[in-house]
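Take a look at the structure below.
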Amino acid sequence: MANKFSDQVGGFISLRLRGNAQEKIINMALARGIYIWDIKRRDDCIYLKVRTSGYEAFKTIADENDFQLEILKRDGLPFYKKIMKRRMGLLGGAVIFILALYLMSSFVWFVQVSGNDKVDRNKILMTAARYGIYAGAGKWNFSRIEVEEAMLRDLSEIAYIQCDVRGVKVNIKVVEKIRPDLNITGPCHIVAARDGVIEEVLVLDGQANVKAGDVVAKGDILISGIVFPPVLQETEGVVPLPSAEPYHVRARGKVKARTWYEGYGECNRKSEEKVFTGKKFTKLYLETPWKKFLLKGKSDIPYEIYEDKEKVWRTPVWNWGLRVWKINEQTIKATEYSEGEAVEIAREKAQENLRQNIQPGLKISESHIDILSSPSDSIVRIKVSAETIEDICLAQPFEEGEISN
Amino acid sequence: MDKRREIISKAVADLLEIPGDLVLDMPRLTITGRNELYLENHKGIIEYSTVRMRINLSRGFLEIIGDNLEIQALMPDEMRVLGDITSIKYID
C-alpha cells in the first residue's frame, strides 16, 4: 500500500465528485490503476483524493461519464515548492545561518587551563599557542594528540596533559609533577634560622654548640653533626677506645630562642586624597583595523581630575574590538588628623606590618611601641617591636669529608 | 471460472497446503476492532453509502453495514474501510 510520505512527495489533489452512481466511476478508476483514497460520502457528493499524476486520467473518466468534478485543494511537496519559491529569502537565510554556525564552530574561541598550581597559566597558554591552540585558531590546524605530546615535551614540570576540545572551547587539563621532598639523609648540622638569644636547648642527636643565654646570629651552628667522642680518662686496666676520631651524624634537636620582630608605620598628619564625586561618563568605541568609531559619549572629557578604566573586547580573528572607557570624576579632599589620631593610624599600620613579618601562630611574649618622629613633624613615624620565643632550628647538610666547626 | 477448474485448484491447494487466497483468488479479510476492515482480492465496489457498502468478490459479494463508512484506501486488489461496522455478510 502506498504510504502518506510518497503521497506528499508526488503531491495530491482533493476532489468532489457529483453525479449518479459514483461507484461506477470508482470501479473504472480502479480498473485503470488510478490510486484513490479517503473516499467519503456526504449527502449526494463523494469526496476523494487522487495523486497529481493520476488526476488527468481520472478527469477524463469523469468527463466521459457526465460527472461534475471539482478541485477542492492541492497538497503535497510540489504545492509547497511554489510557496517556497516565493519565500526564497527565508530559505536562503536558513542556509546561511547553518553555514555560519558550522564555520564559527570550526574555530577555537576559548582556551581554559585547569589543574595547574605552581606552573604559570600564561606559560601553559603560550606553549599551547605555539603548537596551534589559541583563541581564534582553526580546528583543522592542529591535532590534539600532537599538541599534547609537544607540550609535554616542552613543559618539564608537567607530568600529564590533556587537551579537551569541546565545541569551540578547549580545556587544557594538566597534572604537575610532584617532586620528592628534600629529605636529608646524610649528616647535617642544625643552624639558626634567625638572630636571637638561646632560651632552651634539647639535643636528640649530635653535639650542642650553644647553651641557654648565648647570643646567636642567623646561620650559626646550634647543634653540630660532627661529634667528637668524649676523651676517656685512662684508668688502670682499661684500654682507651681505639676510635677517638670524630664521626658524623644527622643532628636532631630543638633549640628555642628569644627573637625580635619589628614593624614600621607612618601617618601624614595632613593628607590629600582623591575621592570620587559620583559623576561619571562612558565612552564606547568600535575598533576596526582601519578606524576607531565613537559610538557613545562625548569626544572630550569634561572633568579636570578623573580616574579612567578601560575594557576591551576583541574578536580573536579579524581584530575588531569594542572598547568601553569609563571615566569617573574626582576631587581632592584634604584631611587633617590630630596628633592622637595620627599616632593611632601609624600604630595600626606598624602592627599590620609586624603581623606580616611574623609567622602566623607565633605567640608574642612582649611588644613595645616607639614613636620615632618628634611632635612637630608633619609625619608621625612609629616602630613596633615584638619579642617572641620560637624554634629556630634549620637543618643544613654538609659534605661527608668536610670537617668544620 | 468454471466449477471443475475450481475443484481441481482447491484440491491442489489442499494438497500443497497453500492458502486459498493465493490460489483460488478468495477474499481475505482482516478486521481490527470494529472500526477497521482490510480486504484483499476484491473485484470492485457495487454500492457505497455511509451506512451500507457492497463489495464485489470473485464469487458473490460482501455486504458491510455500519455507520460513517469511508474507504480510506482503494487499490486494484486491496482496500481499507473505516467506520463503525455492525455486520459483515456474504451474499451469493
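Labeling convention for the C-alpha cells: chains A, B, ... as they appear, residues from 1 per chain, ligands from 1 in order of appearance.
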
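Proximity to Thr127 (chain A) at 9 Å, evaluated using only C-alpha atoms and with sequence-adjacent residues fewer than 5 positions away removed, yields Asn122, Gly132, Ile133, Ala150, Met151, Asp154 and Leu155 of chain A.
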
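Non-sequential neighbours of Arg28 (chain B) (distance at most 8 Å, separation of 6 or more positions within a chain, only C-alpha atoms) are B:Asp21, B:Leu39, B:Glu40, B:Asn41.
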
Residue subset to file, keeping N, CA and C atoms, as a CSV table (one decimal), in the first residue's frame:
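Result written to out25.csv:
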chain,number,residue,atom,x,y,z
B,21,ASP,N,-6.3,-17.9,-0.5
B,21,ASP,CA,-6.4,-16.6,-1.2
B,21,ASP,C,-5.3,-16.4,-2.3
B,39,LEU,N,-9.4,-5.5,3.3
B,39,LEU,CA,-9.9,-6.6,2.4
B,39,LEU,C,-9.0,-6.7,1.2
B,40,GLU,N,-8.5,-7.9,1.0
B,40,GLU,CA,-7.7,-8.2,-0.2
B,40,GLU,C,-8.5,-9.0,-1.2
B,41,ASN,N,-8.1,-9.0,-2.5
B,41,ASN,CA,-8.7,-9.7,-3.6
B,41,ASN,C,-10.2,-9.4,-3.8

(request) For region 387-402 of chain A, list every protein, DNA or RNA residue within 8 Å, evaluated using only C-alpha atoms, and leave out those in the same chain fewer than 2 positions away; present the list as a ChimeraX atom specification. (result) /A:184,186-194,199,222,248,251,253-261,362-367,385,404

(request) Within 9 Å of chain B, which residues of chain A are there when counting only C-alpha atoms? Please give them as a VMD selection string. (result) chain A and resid 1 to 2 21 to 24 26 to 42

(request) Return as a PyMOL selection string the full set of residues in chain B whose backbone-based DSSP assignment is helix (DSSP H, G or I). (result) chain B and resi 3-16+20-23

(message) Write out as a ChimeraX atom specification the set of residues from chain B that DSSP, computed on the backbone, places in strand (DSSP E).
(response) /B:28-32,36-40,45-48,52-56,61-75,78-91

Take the selection from the previous step and output its residues with C-alpha atoms, as a tab-separated table (two decimals), in the first residue's frame.
chain	number	residue	atom	x	y	z
B	28	ARG	CA	-9.01	-12.23	2.71
B	29	LEU	CA	-10.39	-10.04	5.45
B	30	THR	CA	-8.53	-8.53	8.36
B	31	ILE	CA	-10.76	-6.80	10.88
B	32	THR	CA	-9.18	-4.73	13.60
B	36	GLU	CA	-11.20	-1.01	10.54
B	37	LEU	CA	-11.55	-3.60	7.80
B	38	TYR	CA	-8.81	-4.57	5.43
B	39	LEU	CA	-9.88	-6.56	2.39
B	40	GLU	CA	-7.69	-8.21	-0.21
B	45	ILE	CA	-17.44	-1.70	-5.46
B	46	ILE	CA	-21.08	-2.32	-6.23
B	47	GLU	CA	-22.63	0.15	-3.85
B	48	TYR	CA	-21.22	2.71	-1.48
B	52	ARG	CA	-24.11	0.28	3.56
B	53	MET	CA	-21.36	-0.97	1.34
B	54	ARG	CA	-21.37	-3.85	-1.11
B	55	ILE	CA	-18.11	-5.13	-2.50
B	56	ASN	CA	-17.84	-7.47	-5.41
B	61	PHE	CA	-20.33	-10.19	-2.83
B	62	LEU	CA	-19.73	-8.85	0.65
B	63	GLU	CA	-22.15	-6.57	2.42
B	64	ILE	CA	-20.91	-4.27	5.16
B	65	ILE	CA	-23.46	-2.49	7.33
B	66	GLY	CA	-22.39	0.26	9.67
B	67	ASP	CA	-22.19	3.97	10.30
B	68	ASN	CA	-19.91	6.65	8.84
B	69	LEU	CA	-18.34	4.20	6.43
B	70	GLU	CA	-15.49	5.53	4.35
B	71	ILE	CA	-12.90	3.99	2.07
B	72	GLN	CA	-9.56	5.02	3.40
B	73	ALA	CA	-7.58	3.45	0.58
B	74	LEU	CA	-8.57	1.80	-2.65
B	75	MET	CA	-6.24	-0.12	-4.90
B	78	GLU	CA	-6.97	-4.30	-1.83
B	79	MET	CA	-8.97	-1.78	0.15
B	80	ARG	CA	-9.29	-0.42	3.65
B	81	VAL	CA	-12.65	0.54	5.09
B	82	LEU	CA	-13.06	2.68	8.19
B	83	GLY	CA	-16.24	3.31	10.17
B	84	ASP	CA	-18.45	1.80	12.87
B	85	ILE	CA	-19.05	-1.63	11.37
B	86	THR	CA	-22.03	-3.54	12.74
B	87	SER	CA	-22.25	-6.50	10.39
B	88	ILE	CA	-20.45	-8.22	7.56
B	89	LYS	CA	-22.38	-10.61	5.42
B	90	TYR	CA	-21.50	-12.87	2.45
B	91	ILE	CA	-24.18	-12.91	-0.22

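Between Lys139 (chain A) and the candidates A:Arg166, A:Arg87, A:Arg51, A:Lys123, the tightest atom-to-atom separation, counting only C-alpha atoms, involves A:Arg166.
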
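For the pair CA of Phe107 (chain A) and CA of Gly138 (chain A), the interatomic distance is 4.5 Å.
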